[in-house]
Amino acid sequence: MEKLGVKKVDPKIINISSKTFTQEEKELLEKGFKFTPTPNPDNQNLEKDIDEFCRKLRLREFFGRVDKNDDCIVRNKKGTTIQKGRNKDLDDYIDVLKSTKSSLLNKNPVKNNLCVKHKKALQELQKETEIIFKEADKGGAIVCMDKTFYKSLVLQQLSDDNFYIKLPDNPDKTIMRQLKQLCKKHQNLLKKDELDYLINFEMKTSNFYGLPKIHKSSDIKTAIEEQNGTYIATQEPTDLKLRPIVAGPACPTHRLSNFIDILLKDLCEKVPSYIRDSMDFLNKIPENVEPDTLLVTFDVKSLYTNIPHDLGLEAIKFWIEKYPELIPRNISSEFILDSVRFILENNTFHFDGDFYKQIKGTAMGTKMAPTYSILVMGFFEETLYQKVSDELGQEIGKHLRDYWKRFLDDCFLFWKKSEEDLQTLYTLLNSINPNLQFTMEHSDSSIPFLDVMVTKQNSLILTDIFL
C-alpha cells in the first residue's frame, strides 16, 4: 500500500548484484535501454546506409504496387535491384537525398547527448564482465544481476524436464533437412517463390535468455515499497523467476513460423475476447456499468510454455475449419497443422555452450507464438462460455462472452454478479484444463490492465493511460 502522504515512485533500476554503482552510473542507467548515445562520426557507413535506404524504398514501392500473377504470400527479396523509371516522385526524392549526401557527410557532428561524466560511466559499465543487465519483464526497469546468479536462474529453469531436454549437439542441420522434407510433401500447395522463401536462407542457432519477473517477487516488491525510489538495491531474491525468451530470428523454423503467422492472423479477429492493444481495449469497453459492478483481471500463468501441443493443434484445427474462407484456397489444413506441429516440436536453442529443446508449449520469440496463443485461448474460452452457461445460467454465460476481453494472457471482465458467483467462475476457470491456470484480482473502484488504469465512479467508467 502507498504510505499516507508519500507519492509512490516507479523504480528504474533494480540492483540485486554485488556491485555498488556510482551516482554517475545510476544516472546513466536511469536513461533506460532505449536511450541511444550519439555515435561517433562514420562517413563510410553513413554513405552505405543512405544507399541501402534508397534501395529499400525502391523495393517497398515495387513489391507494394507490382501486380503479381502468382499471388505469393511470401518471397525472398534478397539481391533484388529495382531500376529508376517506375515512379517519378520516388526517383526525384532519391535524387535529392543522394545530392545532399555530400553535405550530410561533411556536416559538423551532432552535439553529444552524454556529458563527460556519463561518457566515463558508460566506459566503466562496458568493462563489466561479471554483471548482467536485463530489462524487467514488466515495467521497463533495468535489473542488474551477478552473472553467476543469472546463470543459475536460467539453468534451474532449463533443468525442468517437463519443459526442456538437453541435446548432445546442434540440431539445426537435421531440422533444416526435415523442413525440406516437409515442404517437399506439400510442394503442390506452395508456389515456387514461397517454397524458395521457406528453405533458402542463411540460418543461425537460436539463443535463450530470461527477463526477470520482478513483479512476481515478494522480496523485490518489499524492497521497492520500503525504498520507494528510482534506484532500488537489495540482496539476491530467493523467489525471482525468469520469463523464458528464445531469440531465433534466423533459426531453421523462423521462415515457416512467419508464413503460418500470416495464414492464421486473420482468424484472431473471430475470437470474441480478442483485443489488439490498449487502444483497442479502450474502444471495446462500455462507458457506463451497473453501480455494483466489479472490475476483475485474470492472468494465465506462463501461458506460452504451458500450452500442450495436442491442445494447440486441436485449437488451430477448430478455427481453420470454422472459418475456412479466411485461409487461401490452395493451402490445406493438413499443411497448416503439419507446419504448426513441426515448429512446436523443433523449438531448439543454445545457452552457455549447450543445446536444448523445449518439449512443451511454444517459444516466446517465434513469429507465430502470439497468434497461436490467441487462438488456443479463444478455443479454451469456447468451452468456458458453455460451462458458465450450464452452471451459472445462460444470462451470465452471455454476459461473459460479451464482456470478457483478453490480450494474450491478460484478461479483463466487468462482473455484475456477486463475489460468491465470481469465486465460482474462478474455480470453474481453473478446472477446465490443468495446464492453463489463472490468477485473479478484483476491485469495486479501480484496477490496472495492460497500461490502462480502469476506474469506476458510481456507474461511470473512467480510464487513464500509464506514461
# chains A, B, ... in the order shown; residues from 1 in each chain; ligands from 1
>>> select_by_dssp(residues="region 322-392 of chain A", states="strand (DSSP E or B)", output="mmCIF file with N, CA, C and O atoms, in the first residue's frame")
data_model
loop_
_atom_site.group_PDB
_atom_site.id
_atom_site.type_symbol
_atom_site.label_atom_id
_atom_site.label_comp_id
_atom_site.auth_asym_id
_atom_site.auth_seq_id
_atom_site.Cartn_x
_atom_site.Cartn_y
_atom_site.Cartn_z
ATOM 1 N N THR A 348 14.409 -25.380 -30.641
ATOM 2 C CA THR A 348 15.714 -25.671 -30.058
ATOM 3 C C THR A 348 16.517 -24.382 -29.912
ATOM 4 O O THR A 348 16.279 -23.403 -30.621
ATOM 5 N N PHE A 349 17.492 -24.403 -29.006
ATOM 6 C CA PHE A 349 18.250 -23.183 -28.740
ATOM 7 C C PHE A 349 19.552 -23.508 -28.021
ATOM 8 O O PHE A 349 19.797 -24.657 -27.603
ATOM 9 N N HIS A 350 20.352 -22.470 -27.863
ATOM 10 C CA HIS A 350 21.689 -22.571 -27.280
ATOM 11 C C HIS A 350 21.756 -21.712 -26.022
ATOM 12 O O HIS A 350 21.210 -20.611 -25.992
ATOM 13 N N PHE A 351 22.407 -22.233 -24.973
ATOM 14 C CA PHE A 351 22.691 -21.416 -23.788
ATOM 15 C C PHE A 351 23.967 -21.908 -23.127
ATOM 16 O O PHE A 351 24.090 -23.097 -22.809
ATOM 17 N N ASP A 354 25.703 -25.107 -24.374
ATOM 18 C CA ASP A 354 24.901 -26.325 -24.515
ATOM 19 C C ASP A 354 23.663 -26.059 -25.371
ATOM 20 O O ASP A 354 23.214 -24.913 -25.513
ATOM 21 N N PHE A 355 23.096 -27.155 -25.907
ATOM 22 C CA PHE A 355 21.903 -27.076 -26.744
ATOM 23 C C PHE A 355 20.723 -27.746 -26.042
ATOM 24 O O PHE A 355 20.892 -28.765 -25.364
ATOM 25 N N TYR A 356 19.544 -27.150 -26.222
ATOM 26 C CA TYR A 356 18.339 -27.627 -25.554
ATOM 27 C C TYR A 356 17.170 -27.641 -26.532
ATOM 28 O O TYR A 356 17.200 -26.994 -27.583
ATOM 29 N N LYS A 357 16.129 -28.367 -26.124
ATOM 30 C CA LYS A 357 14.883 -28.355 -26.884
ATOM 31 C C LYS A 357 13.719 -28.194 -25.919
ATOM 32 O O LYS A 357 13.670 -28.834 -24.869
ATOM 33 N N GLN A 358 12.786 -27.306 -26.276
ATOM 34 C CA GLN A 358 11.570 -27.126 -25.480
ATOM 35 C C GLN A 358 10.559 -28.156 -25.933
ATOM 36 O O GLN A 358 10.236 -28.255 -27.113
ATOM 37 N N MET A 364 8.445 -18.226 -26.710
ATOM 38 C CA MET A 364 8.212 -16.792 -26.760
ATOM 39 C C MET A 364 9.369 -16.204 -27.547
ATOM 40 O O MET A 364 10.471 -16.048 -27.048
ATOM 41 N N THR A 366 9.264 -17.021 -31.275
ATOM 42 C CA THR A 366 8.924 -17.435 -32.633
ATOM 43 C C THR A 366 7.751 -16.594 -33.141
ATOM 44 O O THR A 366 6.870 -16.205 -32.383
#
>>> select_by_dssp(residues="region 215-324 of chain A", states="alpha helix (DSSP H)", output="NGL selection string")
:A and (218-227 or 254-264 or 278-284 or 303-306 or 309-322)
>>> residues_around(residues="Pro434 (chain A)", least_positions_apart="5", cutoff="12 Å", atoms="only C-alpha atoms", output="list of chain:residue names")
A:Val300, A:Lys301, A:Leu303, A:Asn306, A:Ile307, A:Pro308, A:Leu311, A:Phe380, A:Thr427, A:Leu428, A:Leu429
>>> residues_around(residues="Arg341 (chain A)", least_positions_apart="3", cutoff="10 Å", atoms="only C-alpha atoms", output="list of chain:residue names")
A:His309, A:Asp310, A:Gly312, A:Leu313, A:Phe335, A:Ile336, A:Leu337, A:Asp338, A:Leu344, A:Glu345, A:Asn346
>>> write_last_selection(atoms="all heavy atoms", output="PDB file, in the first residue's frame")
ATOM      1  N   HIS A 309       0.973 -29.453 -26.780  1.00  0.00           N
ATOM      2  CA  HIS A 309       0.927 -29.476 -28.245  1.00  0.00           C
ATOM      3  C   HIS A 309      -0.416 -29.979 -28.771  1.00  0.00           C
ATOM      4  O   HIS A 309      -0.942 -29.435 -29.753  1.00  0.00           O
ATOM      5  CB  HIS A 309       2.054 -30.350 -28.788  1.00  0.00           C
ATOM      6  CG  HIS A 309       3.428 -29.788 -28.543  1.00  0.00           C
ATOM      7  ND1 HIS A 309       3.637 -28.505 -28.105  1.00  0.00           N
ATOM      8  CD2 HIS A 309       4.662 -30.352 -28.686  1.00  0.00           C
ATOM      9  CE1 HIS A 309       4.939 -28.294 -27.975  1.00  0.00           C
ATOM     10  NE2 HIS A 309       5.580 -29.397 -28.322  1.00  0.00           N
ATOM     11  N   ASP A 310      -0.975 -30.999 -28.112  1.00  0.00           N
ATOM     12  CA  ASP A 310      -2.232 -31.561 -28.621  1.00  0.00           C
ATOM     13  C   ASP A 310      -3.382 -30.559 -28.497  1.00  0.00           C
ATOM     14  O   ASP A 310      -4.228 -30.455 -29.393  1.00  0.00           O
ATOM     15  CB  ASP A 310      -2.578 -32.882 -27.918  1.00  0.00           C
ATOM     16  CG  ASP A 310      -2.654 -32.748 -26.398  1.00  0.00           C
ATOM     17  OD1 ASP A 310      -2.290 -31.686 -25.871  1.00  0.00           O
ATOM     18  OD2 ASP A 310      -3.088 -33.720 -25.744  1.00  0.00           O
ATOM     19  N   GLY A 312      -2.991 -27.257 -28.551  1.00  0.00           N
ATOM     20  CA  GLY A 312      -2.720 -26.231 -29.542  1.00  0.00           C
ATOM     21  C   GLY A 312      -3.146 -26.646 -30.936  1.00  0.00           C
ATOM     22  O   GLY A 312      -3.783 -25.875 -31.666  1.00  0.00           O
ATOM     23  N   LEU A 313      -2.846 -27.877 -31.315  1.00  0.00           N
ATOM     24  CA  LEU A 313      -3.217 -28.367 -32.642  1.00  0.00           C
ATOM     25  C   LEU A 313      -4.729 -28.508 -32.777  1.00  0.00           C
ATOM     26  O   LEU A 313      -5.298 -28.224 -33.831  1.00  0.00           O
ATOM     27  CB  LEU A 313      -2.521 -29.710 -32.910  1.00  0.00           C
ATOM     28  CG  LEU A 313      -0.998 -29.604 -33.078  1.00  0.00           C
ATOM     29  CD1 LEU A 313      -0.347 -30.981 -32.981  1.00  0.00           C
ATOM     30  CD2 LEU A 313      -0.643 -28.946 -34.402  1.00  0.00           C
ATOM     31  N   PHE A 335      -1.491 -29.063 -44.313  1.00  0.00           N
ATOM     32  CA  PHE A 335      -0.210 -28.349 -44.367  1.00  0.00           C
ATOM     33  C   PHE A 335      -0.046 -27.443 -43.146  1.00  0.00           C
ATOM     34  O   PHE A 335       1.033 -27.398 -42.530  1.00  0.00           O
ATOM     35  CB  PHE A 335      -0.118 -27.509 -45.642  1.00  0.00           C
ATOM     36  CG  PHE A 335       1.036 -26.542 -45.633  1.00  0.00           C
ATOM     37  CD1 PHE A 335       2.337 -26.995 -45.786  1.00  0.00           C
ATOM     38  CD2 PHE A 335       0.824 -25.177 -45.424  1.00  0.00           C
ATOM     39  CE1 PHE A 335       3.412 -26.104 -45.761  1.00  0.00           C
ATOM     40  CE2 PHE A 335       1.885 -24.291 -45.390  1.00  0.00           C
ATOM     41  CZ  PHE A 335       3.187 -24.751 -45.556  1.00  0.00           C
ATOM     42  N   ILE A 336      -1.099 -26.724 -42.783  1.00  0.00           N
ATOM     43  CA  ILE A 336      -1.019 -25.815 -41.634  1.00  0.00           C
ATOM     44  C   ILE A 336      -0.742 -26.592 -40.351  1.00  0.00           C
ATOM     45  O   ILE A 336       0.149 -26.225 -39.557  1.00  0.00           O
ATOM     46  CB  ILE A 336      -2.316 -24.995 -41.494  1.00  0.00           C
ATOM     47  CG1 ILE A 336      -2.450 -24.027 -42.676  1.00  0.00           C
ATOM     48  CG2 ILE A 336      -2.333 -24.225 -40.175  1.00  0.00           C
ATOM     49  CD1 ILE A 336      -3.736 -23.241 -42.690  1.00  0.00           C
ATOM     50  N   LEU A 337      -1.464 -27.680 -40.141  1.00  0.00           N
ATOM     51  CA  LEU A 337      -1.283 -28.458 -38.915  1.00  0.00           C
ATOM     52  C   LEU A 337       0.083 -29.139 -38.882  1.00  0.00           C
ATOM     53  O   LEU A 337       0.732 -29.191 -37.829  1.00  0.00           O
ATOM     54  CB  LEU A 337      -2.404 -29.494 -38.785  1.00  0.00           C
ATOM     55  CG  LEU A 337      -3.802 -28.901 -38.560  1.00  0.00           C
ATOM     56  CD1 LEU A 337      -4.863 -29.994 -38.629  1.00  0.00           C
ATOM     57  CD2 LEU A 337      -3.878 -28.187 -37.229  1.00  0.00           C
ATOM     58  N   ASP A 338       0.526 -29.660 -40.026  1.00  0.00           N
ATOM     59  CA  ASP A 338       1.872 -30.254 -40.091  1.00  0.00           C
ATOM     60  C   ASP A 338       2.935 -29.215 -39.770  1.00  0.00           C
ATOM     61  O   ASP A 338       3.914 -29.492 -39.069  1.00  0.00           O
ATOM     62  CB  ASP A 338       2.138 -30.843 -41.480  1.00  0.00           C
ATOM     63  CG  ASP A 338       1.456 -32.184 -41.703  1.00  0.00           C
ATOM     64  OD1 ASP A 338       0.891 -32.728 -40.735  1.00  0.00           O
ATOM     65  OD2 ASP A 338       1.487 -32.686 -42.840  1.00  0.00           O
ATOM     66  N   LEU A 344       6.475 -26.393 -33.339  1.00  0.00           N
ATOM     67  CA  LEU A 344       6.396 -26.677 -31.903  1.00  0.00           C
ATOM     68  C   LEU A 344       7.417 -27.733 -31.478  1.00  0.00           C
ATOM     69  O   LEU A 344       8.006 -27.638 -30.391  1.00  0.00           O
ATOM     70  CB  LEU A 344       4.991 -27.157 -31.540  1.00  0.00           C
ATOM     71  CG  LEU A 344       3.852 -26.147 -31.689  1.00  0.00           C
ATOM     72  CD1 LEU A 344       2.508 -26.828 -31.466  1.00  0.00           C
ATOM     73  CD2 LEU A 344       4.025 -24.978 -30.730  1.00  0.00           C
ATOM     74  N   GLU A 345       7.610 -28.728 -32.316  1.00  0.00           N
ATOM     75  CA  GLU A 345       8.480 -29.855 -31.955  1.00  0.00           C
ATOM     76  C   GLU A 345       9.947 -29.583 -32.246  1.00  0.00           C
ATOM     77  O   GLU A 345      10.797 -30.425 -31.932  1.00  0.00           O
ATOM     78  CB  GLU A 345       8.017 -31.114 -32.683  1.00  0.00           C
ATOM     79  CG  GLU A 345       6.654 -31.613 -32.198  1.00  0.00           C
ATOM     80  CD  GLU A 345       6.177 -32.856 -32.944  1.00  0.00           C
ATOM     81  OE1 GLU A 345       6.841 -33.225 -33.948  1.00  0.00           O
ATOM     82  OE2 GLU A 345       5.161 -33.439 -32.532  1.00  0.00           O
ATOM     83  N   ASN A 346      10.253 -28.447 -32.851  1.00  0.00           N
ATOM     84  CA  ASN A 346      11.644 -28.138 -33.170  1.00  0.00           C
ATOM     85  C   ASN A 346      12.053 -26.774 -32.624  1.00  0.00           C
ATOM     86  O   ASN A 346      12.761 -26.014 -33.278  1.00  0.00           O
ATOM     87  CB  ASN A 346      11.861 -28.201 -34.684  1.00  0.00           C
ATOM     88  CG  ASN A 346      11.804 -29.618 -35.205  1.00  0.00           C
ATOM     89  OD1 ASN A 346      12.741 -30.397 -35.030  1.00  0.00           O
ATOM     90  ND2 ASN A 346      10.692 -29.969 -35.834  1.00  0.00           N
TER      91      ASN A 346
END
>>> closest_residue(among="A:Ile165, A:Ile224, A:Val340, A:Leu46", to="Ser257 (chain A)", atoms="only C-alpha atoms")
A:Val340
>>> atom_distance(atom1="CA of Lys173 (chain A)", atom2="CA of Lys204 (chain A)")
10.3 Å
>>> closest_residue(among="A:Gln126, A:Thr305, A:Thr293, A:Thr22", to="Asn347 (chain A)", atoms="only C-alpha atoms")
A:Thr305
>>> atom_distance(atom1="CA of Pro324 (chain A)", atom2="CA of Cys183 (chain A)")
21.6 Å
>>> residues_around(residues="Ile73 (chain A)", least_positions_apart="6", cutoff="9 Å", atoms="only C-alpha atoms", output="ChimeraX atom specification")
/A:191,193-194,259,262-263
>>> atom_distance(atom1="CA of Glu52 (chain A)", atom2="CA of Asn40 (chain A)")
19.9 Å
>>> closest_residue(among="A:Leu294, A:Leu462, A:Leu425, A:Ala136", to="Leu400 (chain A)", atoms="only C-alpha atoms")
A:Leu425
>>> closest_residue(among="A:Cys115, A:Leu267, A:Ile465, A:Ile94", to="Phe53 (chain A)", atoms="only C-alpha atoms")
A:Ile94
>>> closest_atom_pairs(of="region 109-191 of chain A", to="region 205-218 of chain A", cutoff="9 Å", atoms="only C-alpha atoms", output="tab-separated table")
residue	atom	partner	partner_atom	distance
A:Lys134	CA	A:Leu211	CA	6.4
A:Glu135	CA	A:Leu211	CA	6.3
A:Ala136	CA	A:Pro212	CA	5.1
A:Asp137	CA	A:Leu211	CA	5.0
A:Lys138	CA	A:His215	CA	7.0
A:Gly139	CA	A:His215	CA	8.3
A:Val143	CA	A:Pro212	CA	7.3
A:Tyr150	CA	A:Gly210	CA	8.6
A:Leu153	CA	A:Gly210	CA	8.7
A:Val154	CA	A:Gly210	CA	6.9
A:Asn170	CA	A:Thr205	CA	8.1
A:Pro171	CA	A:Thr205	CA	9.0
A:Asp172	CA	A:Thr205	CA	6.8
>>> residues_around(residues="Leu182 (chain A)", least_positions_apart="6", cutoff="12 Å", atoms="only C-alpha atoms", output="PyMOL selection string")
chain A and resi 175-176+188-190+195+198-199+253+256+334-343
>>> closest_residue(among="A:Asp277, A:Lys317, A:Thr424, A:Lys398", to="Val452 (chain A)", atoms="only C-alpha atoms")
A:Asp277
>>> residues_around(residues="region 383-390 of chain A", least_positions_apart="6", cutoff="12 Å", atoms="only C-alpha atoms", output="PDB file with C-alpha atoms, in the first residue's frame")
ATOM      1  CA  PRO A 272     -14.847 -12.886 -29.191  1.00  0.00           C
ATOM      2  CA  SER A 273     -12.434 -11.806 -26.436  1.00  0.00           C
ATOM      3  CA  ALA A 315      -7.426 -25.309 -31.344  1.00  0.00           C
ATOM      4  CA  VAL A 376      -5.609 -21.527 -28.280  1.00  0.00           C
ATOM      5  CA  MET A 377      -7.113 -19.287 -25.608  1.00  0.00           C
ATOM      6  CA  ILE A 396     -24.225 -14.969 -17.127  1.00  0.00           C
ATOM      7  CA  GLY A 397     -22.831 -17.049 -19.991  1.00  0.00           C
ATOM      8  CA  LYS A 398     -23.879 -14.376 -22.485  1.00  0.00           C
ATOM      9  CA  HIS A 399     -22.562 -11.602 -20.225  1.00  0.00           C
ATOM     10  CA  LEU A 400     -19.195 -13.374 -20.050  1.00  0.00           C
ATOM     11  CA  ARG A 401     -18.986 -13.709 -23.836  1.00  0.00           C
ATOM     12  CA  ASP A 402     -19.813 -10.007 -24.248  1.00  0.00           C
ATOM     13  CA  TYR A 403     -17.559  -8.546 -21.542  1.00  0.00           C
ATOM     14  CA  TRP A 404     -14.619 -10.947 -21.202  1.00  0.00           C
ATOM     15  CA  ASP A 421     -20.528 -16.106  -8.120  1.00  0.00           C
ATOM     16  CA  LEU A 422     -17.157 -14.641  -9.094  1.00  0.00           C
ATOM     17  CA  THR A 424     -17.480 -19.926  -8.599  1.00  0.00           C
ATOM     18  CA  LEU A 425     -16.383 -18.597 -12.003  1.00  0.00           C
ATOM     19  CA  TYR A 426     -12.755 -18.559 -10.855  1.00  0.00           C
ATOM     20  CA  THR A 427     -12.937 -22.148  -9.640  1.00  0.00           C
ATOM     21  CA  LEU A 428     -14.609 -23.237 -12.855  1.00  0.00           C
ATOM     22  CA  LEU A 429     -11.991 -21.386 -14.909  1.00  0.00           C
ATOM     23  CA  ASN A 430      -9.162 -23.335 -13.279  1.00  0.00           C
ATOM     24  CA  SER A 431     -10.971 -26.662 -13.635  1.00  0.00           C
ATOM     25  CA  ILE A 432     -11.180 -26.717 -17.434  1.00  0.00           C
ATOM     26  CA  ASN A 433      -7.568 -27.620 -18.217  1.00  0.00           C
TER      27      ASN A 433
END
>>> closest_residue(among="A:Thr297, A:Lys284, A:Ser302, A:Ser459", to="Lys241 (chain A)", atoms="only C-alpha atoms")
A:Ser302
>>> decode(residues="region 436-447 of chain A", atoms="all heavy atoms", output="PDB file, in the first residue's frame")
ATOM      1  N   LEU A 436      -3.662 -24.879 -18.005  1.00  0.00           N
ATOM      2  CA  LEU A 436      -3.962 -23.454 -18.091  1.00  0.00           C
ATOM      3  C   LEU A 436      -4.609 -23.003 -16.795  1.00  0.00           C
ATOM      4  O   LEU A 436      -5.795 -23.208 -16.562  1.00  0.00           O
ATOM      5  CB  LEU A 436      -4.879 -23.173 -19.286  1.00  0.00           C
ATOM      6  CG  LEU A 436      -4.329 -23.601 -20.653  1.00  0.00           C
ATOM      7  CD1 LEU A 436      -5.335 -23.288 -21.756  1.00  0.00           C
ATOM      8  CD2 LEU A 436      -2.993 -22.943 -20.946  1.00  0.00           C
ATOM      9  N   GLN A 437      -3.800 -22.392 -15.937  1.00  0.00           N
ATOM     10  CA  GLN A 437      -4.261 -21.947 -14.632  1.00  0.00           C
ATOM     11  C   GLN A 437      -4.182 -20.418 -14.541  1.00  0.00           C
ATOM     12  O   GLN A 437      -3.308 -19.784 -15.129  1.00  0.00           O
ATOM     13  CB  GLN A 437      -3.429 -22.585 -13.526  1.00  0.00           C
ATOM     14  CG  GLN A 437      -3.571 -24.106 -13.463  1.00  0.00           C
ATOM     15  CD  GLN A 437      -4.987 -24.538 -13.089  1.00  0.00           C
ATOM     16  OE1 GLN A 437      -5.430 -24.322 -11.957  1.00  0.00           O
ATOM     17  NE2 GLN A 437      -5.691 -25.140 -14.027  1.00  0.00           N
ATOM     18  N   PHE A 438      -5.111 -19.837 -13.779  1.00  0.00           N
ATOM     19  CA  PHE A 438      -5.274 -18.391 -13.739  1.00  0.00           C
ATOM     20  C   PHE A 438      -5.082 -17.847 -12.326  1.00  0.00           C
ATOM     21  O   PHE A 438      -5.391 -18.522 -11.335  1.00  0.00           O
ATOM     22  CB  PHE A 438      -6.688 -18.005 -14.190  1.00  0.00           C
ATOM     23  CG  PHE A 438      -7.002 -18.321 -15.630  1.00  0.00           C
ATOM     24  CD1 PHE A 438      -7.210 -19.631 -16.042  1.00  0.00           C
ATOM     25  CD2 PHE A 438      -7.110 -17.314 -16.572  1.00  0.00           C
ATOM     26  CE1 PHE A 438      -7.516 -19.935 -17.360  1.00  0.00           C
ATOM     27  CE2 PHE A 438      -7.419 -17.598 -17.896  1.00  0.00           C
ATOM     28  CZ  PHE A 438      -7.618 -18.912 -18.287  1.00  0.00           C
ATOM     29  N   THR A 439      -4.584 -16.605 -12.258  1.00  0.00           N
ATOM     30  CA  THR A 439      -4.643 -15.834 -11.024  1.00  0.00           C
ATOM     31  C   THR A 439      -5.730 -14.776 -11.226  1.00  0.00           C
ATOM     32  O   THR A 439      -6.088 -14.449 -12.360  1.00  0.00           O
ATOM     33  CB  THR A 439      -3.306 -15.154 -10.711  1.00  0.00           C
ATOM     34  OG1 THR A 439      -2.954 -14.285 -11.800  1.00  0.00           O
ATOM     35  CG2 THR A 439      -2.208 -16.187 -10.531  1.00  0.00           C
ATOM     36  N   MET A 440      -6.243 -14.231 -10.133  1.00  0.00           N
ATOM     37  CA  MET A 440      -7.351 -13.275 -10.239  1.00  0.00           C
ATOM     38  C   MET A 440      -7.172 -12.132  -9.252  1.00  0.00           C
ATOM     39  O   MET A 440      -6.728 -12.343  -8.114  1.00  0.00           O
ATOM     40  CB  MET A 440      -8.692 -13.974  -9.979  1.00  0.00           C
ATOM     41  CG  MET A 440      -9.902 -13.048 -10.067  1.00  0.00           C
ATOM     42  SD  MET A 440     -11.486 -13.878  -9.739  1.00  0.00           S
ATOM     43  CE  MET A 440     -11.388 -14.111  -7.952  1.00  0.00           C
ATOM     44  N   GLU A 441      -7.523 -10.921  -9.680  1.00  0.00           N
ATOM     45  CA  GLU A 441      -7.609  -9.757  -8.806  1.00  0.00           C
ATOM     46  C   GLU A 441      -8.891  -9.014  -9.144  1.00  0.00           C
ATOM     47  O   GLU A 441      -9.316  -9.006 -10.299  1.00  0.00           O
ATOM     48  CB  GLU A 441      -6.397  -8.841  -8.991  1.00  0.00           C
ATOM     49  CG  GLU A 441      -5.081  -9.464  -8.563  1.00  0.00           C
ATOM     50  CD  GLU A 441      -3.908  -8.500  -8.697  1.00  0.00           C
ATOM     51  OE1 GLU A 441      -4.171  -7.301  -8.927  1.00  0.00           O
ATOM     52  OE2 GLU A 441      -2.754  -8.949  -8.572  1.00  0.00           O
ATOM     53  N   HIS A 442      -9.505  -8.408  -8.135  1.00  0.00           N
ATOM     54  CA  HIS A 442     -10.730  -7.652  -8.417  1.00  0.00           C
ATOM     55  C   HIS A 442     -10.848  -6.455  -7.488  1.00  0.00           C
ATOM     56  O   HIS A 442     -10.222  -6.395  -6.414  1.00  0.00           O
ATOM     57  CB  HIS A 442     -11.969  -8.548  -8.295  1.00  0.00           C
ATOM     58  CG  HIS A 442     -12.208  -9.097  -6.923  1.00  0.00           C
ATOM     59  ND1 HIS A 442     -12.890  -8.400  -5.954  1.00  0.00           N
ATOM     60  CD2 HIS A 442     -11.848 -10.274  -6.354  1.00  0.00           C
ATOM     61  CE1 HIS A 442     -12.952  -9.131  -4.862  1.00  0.00           C
ATOM     62  NE2 HIS A 442     -12.333 -10.270  -5.066  1.00  0.00           N
ATOM     63  N   SER A 443     -11.633  -5.479  -7.911  1.00  0.00           N
ATOM     64  CA  SER A 443     -11.819  -4.252  -7.146  1.00  0.00           C
ATOM     65  C   SER A 443     -13.191  -3.679  -7.481  1.00  0.00           C
ATOM     66  O   SER A 443     -13.712  -3.888  -8.587  1.00  0.00           O
ATOM     67  CB  SER A 443     -10.723  -3.238  -7.487  1.00  0.00           C
ATOM     68  OG  SER A 443     -11.005  -1.973  -6.925  1.00  0.00           O
ATOM     69  N   ASP A 444     -13.755  -2.946  -6.540  1.00  0.00           N
ATOM     70  CA  ASP A 444     -15.028  -2.276  -6.819  1.00  0.00           C
ATOM     71  C   ASP A 444     -14.823  -0.815  -7.205  1.00  0.00           C
ATOM     72  O   ASP A 444     -15.784  -0.078  -7.442  1.00  0.00           O
ATOM     73  CB  ASP A 444     -15.972  -2.363  -5.611  1.00  0.00           C
ATOM     74  CG  ASP A 444     -15.389  -1.711  -4.369  1.00  0.00           C
ATOM     75  OD1 ASP A 444     -14.249  -1.186  -4.454  1.00  0.00           O
ATOM     76  OD2 ASP A 444     -16.045  -1.726  -3.323  1.00  0.00           O
ATOM     77  N   SER A 445     -13.515  -0.389  -7.306  1.00  0.00           N
ATOM     78  CA  SER A 445     -13.242   1.013  -7.629  1.00  0.00           C
ATOM     79  C   SER A 445     -12.273   1.208  -8.793  1.00  0.00           C
ATOM     80  O   SER A 445     -12.595   1.904  -9.757  1.00  0.00           O
ATOM     81  CB  SER A 445     -12.717   1.735  -6.387  1.00  0.00           C
ATOM     82  OG  SER A 445     -11.551   1.094  -5.906  1.00  0.00           O
ATOM     83  N   SER A 446     -11.082   0.606  -8.725  1.00  0.00           N
ATOM     84  CA  SER A 446     -10.114   0.789  -9.808  1.00  0.00           C
ATOM     85  C   SER A 446      -9.163  -0.396  -9.873  1.00  0.00           C
ATOM     86  O   SER A 446      -8.877  -1.043  -8.854  1.00  0.00           O
ATOM     87  CB  SER A 446      -9.314   2.083  -9.622  1.00  0.00           C
ATOM     88  OG  SER A 446      -8.547   2.024  -8.439  1.00  0.00           O
ATOM     89  N   ILE A 447      -8.645  -0.640 -11.104  1.00  0.00           N
ATOM     90  CA  ILE A 447      -7.729  -1.759 -11.296  1.00  0.00           C
ATOM     91  C   ILE A 447      -6.915  -1.506 -12.561  1.00  0.00           C
ATOM     92  O   ILE A 447      -7.427  -0.963 -13.545  1.00  0.00           O
ATOM     93  CB  ILE A 447      -8.512  -3.083 -11.399  1.00  0.00           C
ATOM     94  CG1 ILE A 447      -7.617  -4.291 -11.126  1.00  0.00           C
ATOM     95  CG2 ILE A 447      -9.212  -3.234 -12.748  1.00  0.00           C
ATOM     96  CD1 ILE A 447      -8.375  -5.570 -10.871  1.00  0.00           C
TER      97      ILE A 447
END
